[in-house]
2 protein chains.
Amino acid sequence: MKIADIQADYFRIPLTTVLSDSTHGEMSHFELITANVRSDDGVEGLGYTYTTGVGGTAIHAMIAKDLTPILFQVDARSIESIWNQMWWRLHWVGRGGTAAFAIAAVDIALWDLKAKRIGEPLWRMLGGSTNRVKAYAGGVDLQLTLDELCNQTNGFLDHGFRAIKMKVGREHLAEDVERVAKSRELIGPDIPLMVDANMVWSVDHAIRAAKALADYDIFWLEEPTIPDDIEGHAKIAREGGIPIAAGENLHTIYEFQKMISQGAVSFPEPDVATVGGVTPWLKIAHLAEAFNLPITTHGVHDLQVHLLAAVSNASYLEVHGFGLERFTKYPFLLENGEAVAPERPGHGVALDWEALESFREQK
Amino acid sequence: MKIADIQADYFRIPLTTVLSDSTHGEMSHFELITANVRSDDGVEGLGYTYTTGVGGTAIHAMIAKDLTPILFQVDARSIESIWNQMWWRLHWVGRGGTAAFAIAAVDIALWDLKAKRIGEPLWRMLGGSTNRVKAYAGGVDLQLTLDELCNQTNGFLDHGFRAIKMKVGREHLAEDVERVAKSRELIGPDIPLMVDANMVWSVDHAIRAAKALADYDIFWLEEPTIPDDIEGHAKIAREGGIPIAAGENLHTIYEFQKMISQGAVSFPEPDVATVGGVTPWLKIAHLAEAFNLPITTHGVHDLQVHLLAAVSNASYLEVHGFGLERFTKYPFLLENGEAVAPERPGHGVALDWEALESFREQK
């Protein structure tokens, strides 16, 4: 059961539509970096991470050059110990950043491999009793006109979503209020509506915005300001009157521990592909549980549906708009507003390598 | 004065002796990643960063692929704005990690270029009135026998050093105490002695160690535990009775702000090559000053001698043992235990590219 081979690949994929939010500006591509780990009994695990268009070469290099050499002939089952080896191997240039992405790709592959060997879907191997998880559609829509925004929302509803997130952070707060008001009117009172500011606000502006948006029954306000400002988040949570979600830009269990223990976040939102993989994701979920908080997710819904299905404190799963489904063999299943994790062994994601090939940057 | 060219290079250089500390184990190589920035009036600035042997490919890729494209034709003088562009360009995969290293290399080159154009050494351009800075020899010596350790210490004294740092974190605390006692005996009562645990201890062990070492007049205890544990550092500082130094593994002004404002560090120790360059280094020094704290450094003494010479709250400069002097054209000057920053324009470091060539990994 030793690791016999690790193959890292890197693809740069145009988005079907250019996306925008308040911080990243326009995004035309996403990058997909994959790690295929094969054990000497022939089982293969697939891991992957992604970027918003920048940094993929570095992540690929870390997997291929810095991690691969220390993993050969290690027992593929000892994930906790492997994770720590990877963390310390990259520590000088790590503690977050690209290291968290590179480690994630390998760690996810190891969990996939472990579940495949056992012959169970990941959610079941991790102790889950159901494969159904509440899901919401994550719109990346800051620059859409009000009409386009409404069309998008109607599309989400038609698609079966029963919870929706939209971007805020337009130049004038009045625009945000108008767009949120219109969205709430459109979806009615029963559908949860989240808003996401992508770090663009000052703490004081965020508090003002939270108060202005509170009339529209906001499920959470996400990333109101920069993730480095824990006290600021706590202040917004205290004074703004809307629960705070944050975590897609945090990369370690320690960062989550600080956010959570300082009352800075109501919905911790780790992204398994950017926080270092399943291993730290579970620790963060357990940390949140011990602090009596739910856990939500960011991105890579095909993977994270398993994780939310496995924990006791699951909130909504984000269904993300990067369009990886163009390159996956099995469709992502949504029923009655719930995401359904597959029964296939492992995480059950199989990539269409042929379709990806034309977007290859490196192998 | 626009940026016309950026050249990134990456070298992997064997250490003259294998070094060791309590966390990184044995280090056989260091990696040097350089950024040469040329403005359209023909002035060239040199920046560089380094690793303990892992991650160089990723850093090189970030400079060459992710940063270079956004810098062409930007006014090379607008460093504050360029720094922020780099930070946000890499934010998704950044907030520390390799991004801090890549940004550092470019930022240092821009400061070098700016000072060269003005025709002043960096320390003077930054407002310094003297080019002399107290310096200490940073031993990387955990695995040395007691005899070898004493030989190293005598070598430092012969070399003119009047302050010395040694590693602690041996398997048994009694060994650390014996080695520190012997070192103190050797150097006498007047020479500052720092100790560095390289993150290996638990908080409780660190407090026990600090109390056991206090008899030997320890100037500071460095990195007693992992940098992520700010409260732990604060507790060690409070209960251990020895001032705490930390910072080589912190990569943002925000991390330093938390450490400093929570009373977790007495000697903030940013490394200009790993914290994002001169721009954030100065902000951290000013932050420390506002908190009534001195500032010290880690690594790249040729660069940081300028920075300490320029600020009001300078403590000791670390003179580091990686041996970059084998590849620099001008010797690093030490007089009466003080480091002397050069009068040459810029930071005054010129690399011997021919000597480096045989260690090239990438261009």
# chains A, B, ... in the order shown; residues from 1 in each chain; ligands from 1

$ interface_residues --of "chain B" --to "chain A" --cutoff "9 Å" --atoms "only C-alpha atoms" --output "MDAnalysis selection string"
chainID B and resid 23:24 51:52 54:62 65:66 88:101 228:229 248:250 254:255 274

$ write_last_selection --atoms "N, CA, C and O atoms" --output "CSV table (one decimal), in the first residue's frame"
chain,number,residue,atom,x,y,z
B,23,THR,N,14.1,22.3,13.7
B,23,THR,CA,12.9,22.1,12.9
B,23,THR,C,13.2,21.6,11.5
B,23,THR,O,12.5,20.8,11.0
B,24,HIS,N,14.2,22.2,10.9
B,24,HIS,CA,14.4,22.0,9.5
B,24,HIS,C,15.3,20.7,9.3
B,24,HIS,O,15.5,20.3,8.1
B,51,THR,N,15.6,30.3,0.0
B,51,THR,CA,14.9,29.3,0.7
B,51,THR,C,15.9,28.4,1.4
B,51,THR,O,17.1,28.4,1.1
B,52,THR,N,15.4,27.5,2.3
B,52,THR,CA,16.2,26.6,3.0
B,52,THR,C,16.4,25.3,2.2
B,52,THR,O,16.7,24.2,2.8
B,54,VAL,N,13.9,24.3,-0.4
B,54,VAL,CA,12.6,23.8,-1.0
B,54,VAL,C,11.8,25.0,-1.4
B,54,VAL,O,11.7,25.9,-0.6
B,55,GLY,N,11.2,24.9,-2.5
B,55,GLY,CA,10.2,25.9,-2.9
B,55,GLY,C,10.7,26.9,-4.0
B,55,GLY,O,10.0,27.8,-4.5
B,56,GLY,N,12.0,26.8,-4.3
B,56,GLY,CA,12.6,27.8,-5.3
B,56,GLY,C,11.9,27.8,-6.6
B,56,GLY,O,11.8,28.9,-7.2
B,57,THR,N,11.6,26.7,-7.1
B,57,THR,CA,10.9,26.6,-8.4
B,57,THR,C,9.6,27.4,-8.4
B,57,THR,O,9.3,28.2,-9.4
B,58,ALA,N,8.9,27.3,-7.4
B,58,ALA,CA,7.6,28.0,-7.2
B,58,ALA,C,7.8,29.5,-7.2
B,58,ALA,O,7.1,30.2,-7.8
B,59,ILE,N,8.8,29.9,-6.4
B,59,ILE,CA,9.0,31.3,-6.3
B,59,ILE,C,9.5,31.9,-7.6
B,59,ILE,O,9.0,33.0,-8.0
B,60,HIS,N,10.4,31.2,-8.3
B,60,HIS,CA,10.8,31.7,-9.6
B,60,HIS,C,9.7,31.8,-10.5
B,60,HIS,O,9.5,32.8,-11.3
B,61,ALA,N,8.8,30.8,-10.5
B,61,ALA,CA,7.6,30.8,-11.4
B,61,ALA,C,6.7,32.0,-11.1
B,61,ALA,O,6.2,32.6,-12.1
B,62,MET,N,6.5,32.3,-9.9
B,62,MET,CA,5.7,33.4,-9.5
B,62,MET,C,6.2,34.7,-10.0
B,62,MET,O,5.5,35.6,-10.5
B,65,LYS,N,6.2,34.4,-14.1
B,65,LYS,CA,4.9,34.2,-14.8
B,65,LYS,C,3.8,35.1,-14.3
B,65,LYS,O,2.9,35.5,-15.0
B,66,ASP,N,3.8,35.3,-13.0
B,66,ASP,CA,2.6,36.0,-12.4
B,66,ASP,C,2.9,37.4,-12.1
B,66,ASP,O,1.9,38.2,-12.2
B,88,TRP,N,-2.2,42.0,-4.4
B,88,TRP,CA,-3.6,41.6,-4.9
B,88,TRP,C,-3.5,40.7,-6.0
B,88,TRP,O,-4.4,39.8,-6.2
B,89,ARG,N,-2.5,40.8,-6.9
B,89,ARG,CA,-2.4,39.9,-8.0
B,89,ARG,C,-2.2,38.4,-7.5
B,89,ARG,O,-2.8,37.5,-8.0
B,90,LEU,N,-1.5,38.3,-6.4
B,90,LEU,CA,-1.2,37.0,-5.8
B,90,LEU,C,-2.1,36.6,-4.7
B,90,LEU,O,-1.9,35.6,-4.0
B,91,HIS,N,-3.1,37.4,-4.3
B,91,HIS,CA,-3.8,37.3,-3.1
B,91,HIS,C,-4.4,35.9,-2.9
B,91,HIS,O,-4.3,35.3,-1.8
B,92,TRP,N,-5.1,35.4,-4.0
B,92,TRP,CA,-5.8,34.1,-3.8
B,92,TRP,C,-4.8,33.0,-3.4
B,92,TRP,O,-5.2,32.1,-2.6
B,93,VAL,N,-3.6,33.0,-4.0
B,93,VAL,CA,-2.6,32.0,-3.6
B,93,VAL,C,-1.6,32.6,-2.7
B,93,VAL,O,-0.5,32.0,-2.5
B,94,GLY,N,-1.9,33.7,-2.1
B,94,GLY,CA,-0.8,34.4,-1.3
B,94,GLY,C,-1.2,34.7,0.1
B,94,GLY,O,-1.4,33.7,0.9
B,95,ARG,N,-1.2,35.9,0.5
B,95,ARG,CA,-1.3,36.3,2.0
B,95,ARG,C,-0.2,35.6,2.8
B,95,ARG,O,-0.4,35.1,3.9
B,96,GLY,N,1.0,35.6,2.2
B,96,GLY,CA,2.1,34.8,2.8
B,96,GLY,C,2.6,33.8,1.9
B,96,GLY,O,2.3,33.8,0.7
B,97,GLY,N,3.3,32.8,2.4
B,97,GLY,CA,3.8,31.7,1.6
B,97,GLY,C,4.8,32.2,0.5
B,97,GLY,O,5.4,33.3,0.6
B,98,THR,N,4.9,31.5,-0.6
B,98,THR,CA,5.8,31.9,-1.7
B,98,THR,C,5.5,33.3,-2.2
B,98,THR,O,6.5,33.9,-2.7
B,99,ALA,N,4.3,33.7,-2.2
B,99,ALA,CA,4.0,35.0,-2.7
B,99,ALA,C,4.8,36.1,-2.0
B,99,ALA,O,5.3,37.0,-2.6
B,100,ALA,N,5.0,36.0,-0.7
B,100,ALA,CA,5.8,36.9,0.1
B,100,ALA,C,7.2,36.9,-0.3
B,100,ALA,O,7.9,38.0,-0.3
B,101,PHE,N,7.7,35.8,-0.7
B,101,PHE,CA,9.1,35.7,-1.2
B,101,PHE,C,9.3,36.3,-2.6
B,101,PHE,O,10.2,37.0,-2.9
B,228,ASP,N,2.4,30.3,14.6
B,228,ASP,CA,0.9,30.4,14.6
B,228,ASP,C,0.3,30.6,16.0
B,228,ASP,O,-0.8,31.1,16.1
B,229,ASP,N,1.1,30.3,17.0
B,229,ASP,CA,0.5,30.4,18.4
B,229,ASP,C,0.9,31.7,19.0
B,229,ASP,O,1.9,31.8,19.8
B,248,GLU,N,10.8,35.4,11.7
B,248,GLU,CA,11.3,34.9,10.4
B,248,GLU,C,10.3,34.0,9.7
B,248,GLU,O,10.4,33.9,8.4
B,249,ASN,N,9.3,33.5,10.4
B,249,ASN,CA,8.3,32.7,9.7
B,249,ASN,C,7.0,33.5,9.6
B,249,ASN,O,5.9,32.9,9.3
B,250,LEU,N,7.0,34.8,9.8
B,250,LEU,CA,5.8,35.6,9.6
B,250,LEU,C,6.0,36.3,8.2
B,250,LEU,O,7.1,36.7,7.9
B,254,TYR,N,0.3,42.1,8.9
B,254,TYR,CA,-0.8,41.8,9.8
B,254,TYR,C,-0.4,40.7,10.9
B,254,TYR,O,-0.8,40.8,12.0
B,255,GLU,N,0.4,39.8,10.4
B,255,GLU,CA,0.9,38.8,11.4
B,255,GLU,C,1.8,39.5,12.5
B,255,GLU,O,1.7,39.2,13.7
B,274,THR,N,11.7,37.5,3.0
B,274,THR,CA,10.6,36.6,3.1
B,274,THR,C,9.3,37.2,3.6
B,274,THR,O,8.3,36.6,3.8

$ select_by_dssp --residues "stretch 169-315 of chain B" --states "helix (DSSP H, G or I)" --output "PyMOL selection string"
chain B and resi 173-187+203-216+230-240+253-261+278-290+301-310

$ write_last_selection --atoms "C-alpha atoms" --output "CSV table (one decimal), in the first residue's frame"
chain,number,residue,atom,x,y,z
B,173,LEU,CA,16.7,20.4,28.3
B,174,ALA,CA,19.7,19.5,30.4
B,175,GLU,CA,21.8,19.5,27.2
B,176,ASP,CA,20.6,22.9,26.3
B,177,VAL,CA,21.4,24.2,29.7
B,178,GLU,CA,24.9,22.7,29.6
B,179,ARG,CA,25.6,24.1,26.2
B,180,VAL,CA,24.3,27.6,27.1
B,181,ALA,CA,26.2,27.6,30.4
B,182,LYS,CA,29.4,26.6,28.6
B,183,SER,CA,28.9,29.3,25.9
B,184,ARG,CA,28.3,31.9,28.6
B,185,GLU,CA,31.4,30.9,30.4
B,186,LEU,CA,33.4,31.1,27.2
B,187,ILE,CA,32.3,34.5,26.1
B,203,VAL,CA,4.5,26.4,25.3
B,204,ASP,CA,5.0,24.7,28.7
B,205,HIS,CA,8.4,23.3,27.8
B,206,ALA,CA,9.5,26.8,26.5
B,207,ILE,CA,8.5,28.4,29.8
B,208,ARG,CA,10.5,25.7,31.7
B,209,ALA,CA,13.4,26.2,29.4
B,210,ALA,CA,13.3,30.0,29.7
B,211,LYS,CA,13.4,29.7,33.5
B,212,ALA,CA,16.3,27.2,33.3
B,213,LEU,CA,18.3,29.4,31.0
B,214,ALA,CA,17.6,32.7,32.7
B,215,ASP,CA,20.7,32.3,35.0
B,216,TYR,CA,22.9,32.8,31.9
B,230,ILE,CA,0.4,34.0,19.3
B,231,GLU,CA,-1.1,33.5,22.7
B,232,GLY,CA,1.5,30.8,23.4
B,233,HIS,CA,4.3,33.3,22.7
B,234,ALA,CA,2.6,35.9,24.9
B,235,LYS,CA,2.4,33.3,27.7
B,236,ILE,CA,6.1,32.4,27.3
B,237,ALA,CA,7.1,36.0,27.3
B,238,ARG,CA,5.0,36.6,30.5
B,239,GLU,CA,6.0,33.6,32.5
B,240,GLY,CA,9.4,32.6,31.1
B,253,ILE,CA,2.4,43.2,8.4
B,254,TYR,CA,-0.8,41.8,9.8
B,255,GLU,CA,0.9,38.8,11.4
B,256,PHE,CA,3.4,41.1,13.0
B,257,GLN,CA,0.6,43.5,14.2
B,258,LYS,CA,-1.0,40.6,16.0
B,259,MET,CA,2.2,39.4,17.6
B,260,ILE,CA,3.2,42.8,18.7
B,261,SER,CA,-0.1,44.1,19.9
B,278,VAL,CA,11.6,46.6,2.0
B,279,THR,CA,8.1,48.1,1.8
B,280,PRO,CA,6.5,45.9,4.5
B,281,TRP,CA,9.8,45.6,6.4
B,282,LEU,CA,9.7,49.4,7.1
B,283,LYS,CA,6.1,49.3,8.1
B,284,ILE,CA,6.8,46.6,10.6
B,285,ALA,CA,9.8,48.5,12.0
B,286,HIS,CA,7.5,51.6,12.4
B,287,LEU,CA,4.8,49.4,14.0
B,288,ALA,CA,7.3,48.1,16.5
B,289,GLU,CA,8.5,51.7,17.2
B,290,ALA,CA,5.0,52.8,17.9
B,301,HIS,CA,22.5,40.8,6.3
B,302,ASP,CA,23.9,42.5,3.2
B,303,LEU,CA,20.4,44.0,2.6
B,304,GLN,CA,19.1,44.4,6.2
B,305,VAL,CA,22.1,46.3,7.4
B,306,HIS,CA,20.7,49.3,5.4
B,307,LEU,CA,17.3,48.9,7.0
B,308,LEU,CA,18.5,48.8,10.6
B,309,ALA,CA,20.7,51.8,9.9
B,310,ALA,CA,17.7,53.7,8.7

$ select_by_dssp --residues "stretch 198-290 of chain B" --states "strand (DSSP E or B)" --output "PDB file with C-alpha atoms, in the first residue's frame"
ATOM      1  CA  ILE B 218      19.954  35.429  27.754  1.00  0.00           C
ATOM      2  CA  PHE B 219      19.431  38.469  25.522  1.00  0.00           C
ATOM      3  CA  TRP B 220      16.447  36.888  23.797  1.00  0.00           C
ATOM      4  CA  LEU B 221      14.809  33.506  23.285  1.00  0.00           C
ATOM      5  CA  GLU B 222      13.889  33.118  19.633  1.00  0.00           C
ATOM      6  CA  ILE B 244      11.058  36.748  23.019  1.00  0.00           C
ATOM      7  CA  ALA B 245      12.232  37.228  19.423  1.00  0.00           C
ATOM      8  CA  ALA B 246      10.118  36.003  16.525  1.00  0.00           C
ATOM      9  CA  PHE B 267      12.177  41.639  19.391  1.00  0.00           C
ATOM     10  CA  PRO B 268      10.178  41.522  16.151  1.00  0.00           C
TER      11      PRO B 268
END

$ residues_around --residues "A:Val319" --least-positions-apart "6" --cutoff "6 Å" --atoms "only C-alpha atoms" --output "list of chain:residue names"
A:Tyr136, A:Ala137, A:Gly138, A:His301

$ residues_around --residues "stretch 1-3 of chain A" --least-positions-apart "3" --cutoff "8 Å" --atoms "only C-alpha atoms" --output "number ranges by chain"
A: 6, 37-41, 71-77

$ residues_around --residues "A:Lys114" --least-positions-apart "3" --cutoff "8 Å" --atoms "only C-alpha atoms" --output "PDB file with N, CA and C atoms, in the first residue's frame"
ATOM      1  N   GLY A  45      -5.773   7.520  -6.610  1.00  0.00           N
ATOM      2  CA  GLY A  45      -6.581   8.595  -6.037  1.00  0.00           C
ATOM      3  C   GLY A  45      -6.369   9.872  -6.824  1.00  0.00           C
ATOM      4  N   ALA A  76       0.454   4.797   1.912  1.00  0.00           N
ATOM      5  CA  ALA A  76      -0.576   5.754   1.478  1.00  0.00           C
ATOM      6  C   ALA A  76      -1.701   5.906   2.494  1.00  0.00           C
ATOM      7  N   ARG A  77      -1.820   4.987   3.431  1.00  0.00           N
ATOM      8  CA  ARG A  77      -2.897   5.058   4.409  1.00  0.00           C
ATOM      9  C   ARG A  77      -2.616   6.043   5.543  1.00  0.00           C
ATOM     10  N   LEU A 110      -5.083  11.326  -1.548  1.00  0.00           N
ATOM     11  CA  LEU A 110      -4.874  10.244  -0.581  1.00  0.00           C
ATOM     12  C   LEU A 110      -6.196   9.800   0.055  1.00  0.00           C
ATOM     13  N   TRP A 111      -7.074  10.737   0.345  1.00  0.00           N
ATOM     14  CA  TRP A 111      -8.393  10.377   0.903  1.00  0.00           C
ATOM     15  C   TRP A 111      -9.229   9.633  -0.134  1.00  0.00           C
ATOM     16  N   ARG A 117     -10.034   2.137  -1.886  1.00  0.00           N
ATOM     17  CA  ARG A 117      -9.557   0.834  -1.460  1.00  0.00           C
ATOM     18  C   ARG A 117     -10.590   0.150  -0.581  1.00  0.00           C
ATOM     19  N   ILE A 118     -11.201   0.940   0.320  1.00  0.00           N
ATOM     20  CA  ILE A 118     -12.237   0.395   1.192  1.00  0.00           C
ATOM     21  C   ILE A 118     -13.512   0.102   0.401  1.00  0.00           C
ATOM     22  N   GLY A 346     -14.717   6.477  -3.176  1.00  0.00           N
ATOM     23  CA  GLY A 346     -13.903   7.694  -3.191  1.00  0.00           C
ATOM     24  C   GLY A 346     -14.796   8.910  -3.267  1.00  0.00           C
TER      25      GLY A 346
END

$ closest_residue --among "B:Ser202, B:Thr34, B:Thr16, B:Asn154" --to "B:Gly188" --atoms "only C-alpha atoms"
B:Asn154

$ residues_around --residues "A:Gly155" --least-positions-apart "4" --cutoff "12 Å" --atoms "only C-alpha atoms" --output "JSON, numbers by chain"
{"A": [137, 139, 148, 149, 150, 151, 159, 160, 161, 162, 164, 186, 187]}

$ write_last_selection --atoms "N, CA, C and O atoms" --output "mmCIF file, in the first residue's frame"
data_model
loop_
_atom_site.group_PDB
_atom_site.id
_atom_site.type_symbol
_atom_site.label_atom_id
_atom_site.label_comp_id
_atom_site.auth_asym_id
_atom_site.auth_seq_id
_atom_site.Cartn_x
_atom_site.Cartn_y
_atom_site.Cartn_z
ATOM 1 N N ALA A 137 -26.699 28.318 -4.615
ATOM 2 C CA ALA A 137 -26.006 28.726 -5.834
ATOM 3 C C ALA A 137 -25.194 29.977 -5.536
ATOM 4 O O ALA A 137 -25.736 30.971 -5.052
ATOM 5 N N GLY A 139 -23.554 32.969 -6.904
ATOM 6 C CA GLY A 139 -23.434 33.827 -8.087
ATOM 7 C C GLY A 139 -22.164 34.667 -8.022
ATOM 8 O O GLY A 139 -21.769 35.124 -6.956
ATOM 9 N N GLU A 148 -29.795 41.514 -15.607
ATOM 10 C CA GLU A 148 -28.997 40.286 -15.740
ATOM 11 C C GLU A 148 -28.968 39.515 -14.426
ATOM 12 O O GLU A 148 -29.033 38.280 -14.401
ATOM 13 N N LEU A 149 -28.857 40.264 -13.334
ATOM 14 C CA LEU A 149 -28.853 39.630 -12.008
ATOM 15 C C LEU A 149 -30.163 38.867 -11.783
ATOM 16 O O LEU A 149 -30.161 37.724 -11.312
ATOM 17 N N CYS A 150 -31.264 39.491 -12.127
ATOM 18 C CA CYS A 150 -32.572 38.831 -11.961
ATOM 19 C C CYS A 150 -32.678 37.591 -12.857
ATOM 20 O O CYS A 150 -33.203 36.553 -12.432
ATOM 21 N N ASN A 151 -32.171 37.713 -14.066
ATOM 22 C CA ASN A 151 -32.170 36.541 -14.947
ATOM 23 C C ASN A 151 -31.361 35.402 -14.343
ATOM 24 O O ASN A 151 -31.763 34.238 -14.383
ATOM 25 N N HIS A 159 -33.193 25.946 -11.869
ATOM 26 C CA HIS A 159 -32.264 24.832 -11.736
ATOM 27 C C HIS A 159 -32.547 24.016 -10.469
ATOM 28 O O HIS A 159 -31.962 22.958 -10.256
ATOM 29 N N GLY A 160 -33.418 24.524 -9.624
ATOM 30 C CA GLY A 160 -33.790 23.785 -8.421
ATOM 31 C C GLY A 160 -33.161 24.299 -7.139
ATOM 32 O O GLY A 160 -33.391 23.732 -6.066
ATOM 33 N N PHE A 161 -32.374 25.352 -7.221
ATOM 34 C CA PHE A 161 -31.758 25.871 -5.998
ATOM 35 C C PHE A 161 -32.799 26.505 -5.100
ATOM 36 O O PHE A 161 -33.745 27.146 -5.561
ATOM 37 N N ARG A 162 -32.623 26.315 -3.803
ATOM 38 C CA ARG A 162 -33.529 26.890 -2.818
ATOM 39 C C ARG A 162 -32.771 27.777 -1.830
ATOM 40 O O ARG A 162 -33.215 28.010 -0.698
ATOM 41 N N ILE A 164 -29.597 31.145 -2.341
ATOM 42 C CA ILE A 164 -28.831 31.865 -3.356
ATOM 43 C C ILE A 164 -27.894 32.869 -2.697
ATOM 44 O O ILE A 164 -28.254 33.523 -1.715
ATOM 45 N N LEU A 186 -37.714 39.040 -5.614
ATOM 46 C CA LEU A 186 -37.837 38.012 -6.645
ATOM 47 C C LEU A 186 -37.970 36.613 -6.049
ATOM 48 O O LEU A 186 -38.775 35.799 -6.510
ATOM 49 N N ILE A 187 -37.181 36.302 -5.021
ATOM 50 C CA ILE A 187 -37.154 34.930 -4.502
ATOM 51 C C ILE A 187 -38.180 34.705 -3.400
ATOM 52 O O ILE A 187 -38.422 33.574 -2.983
#

$ atom_distance --atom1 "atom CA of B:Arg344" --atom2 "atom CA of B:Gln85"
29.6 Å
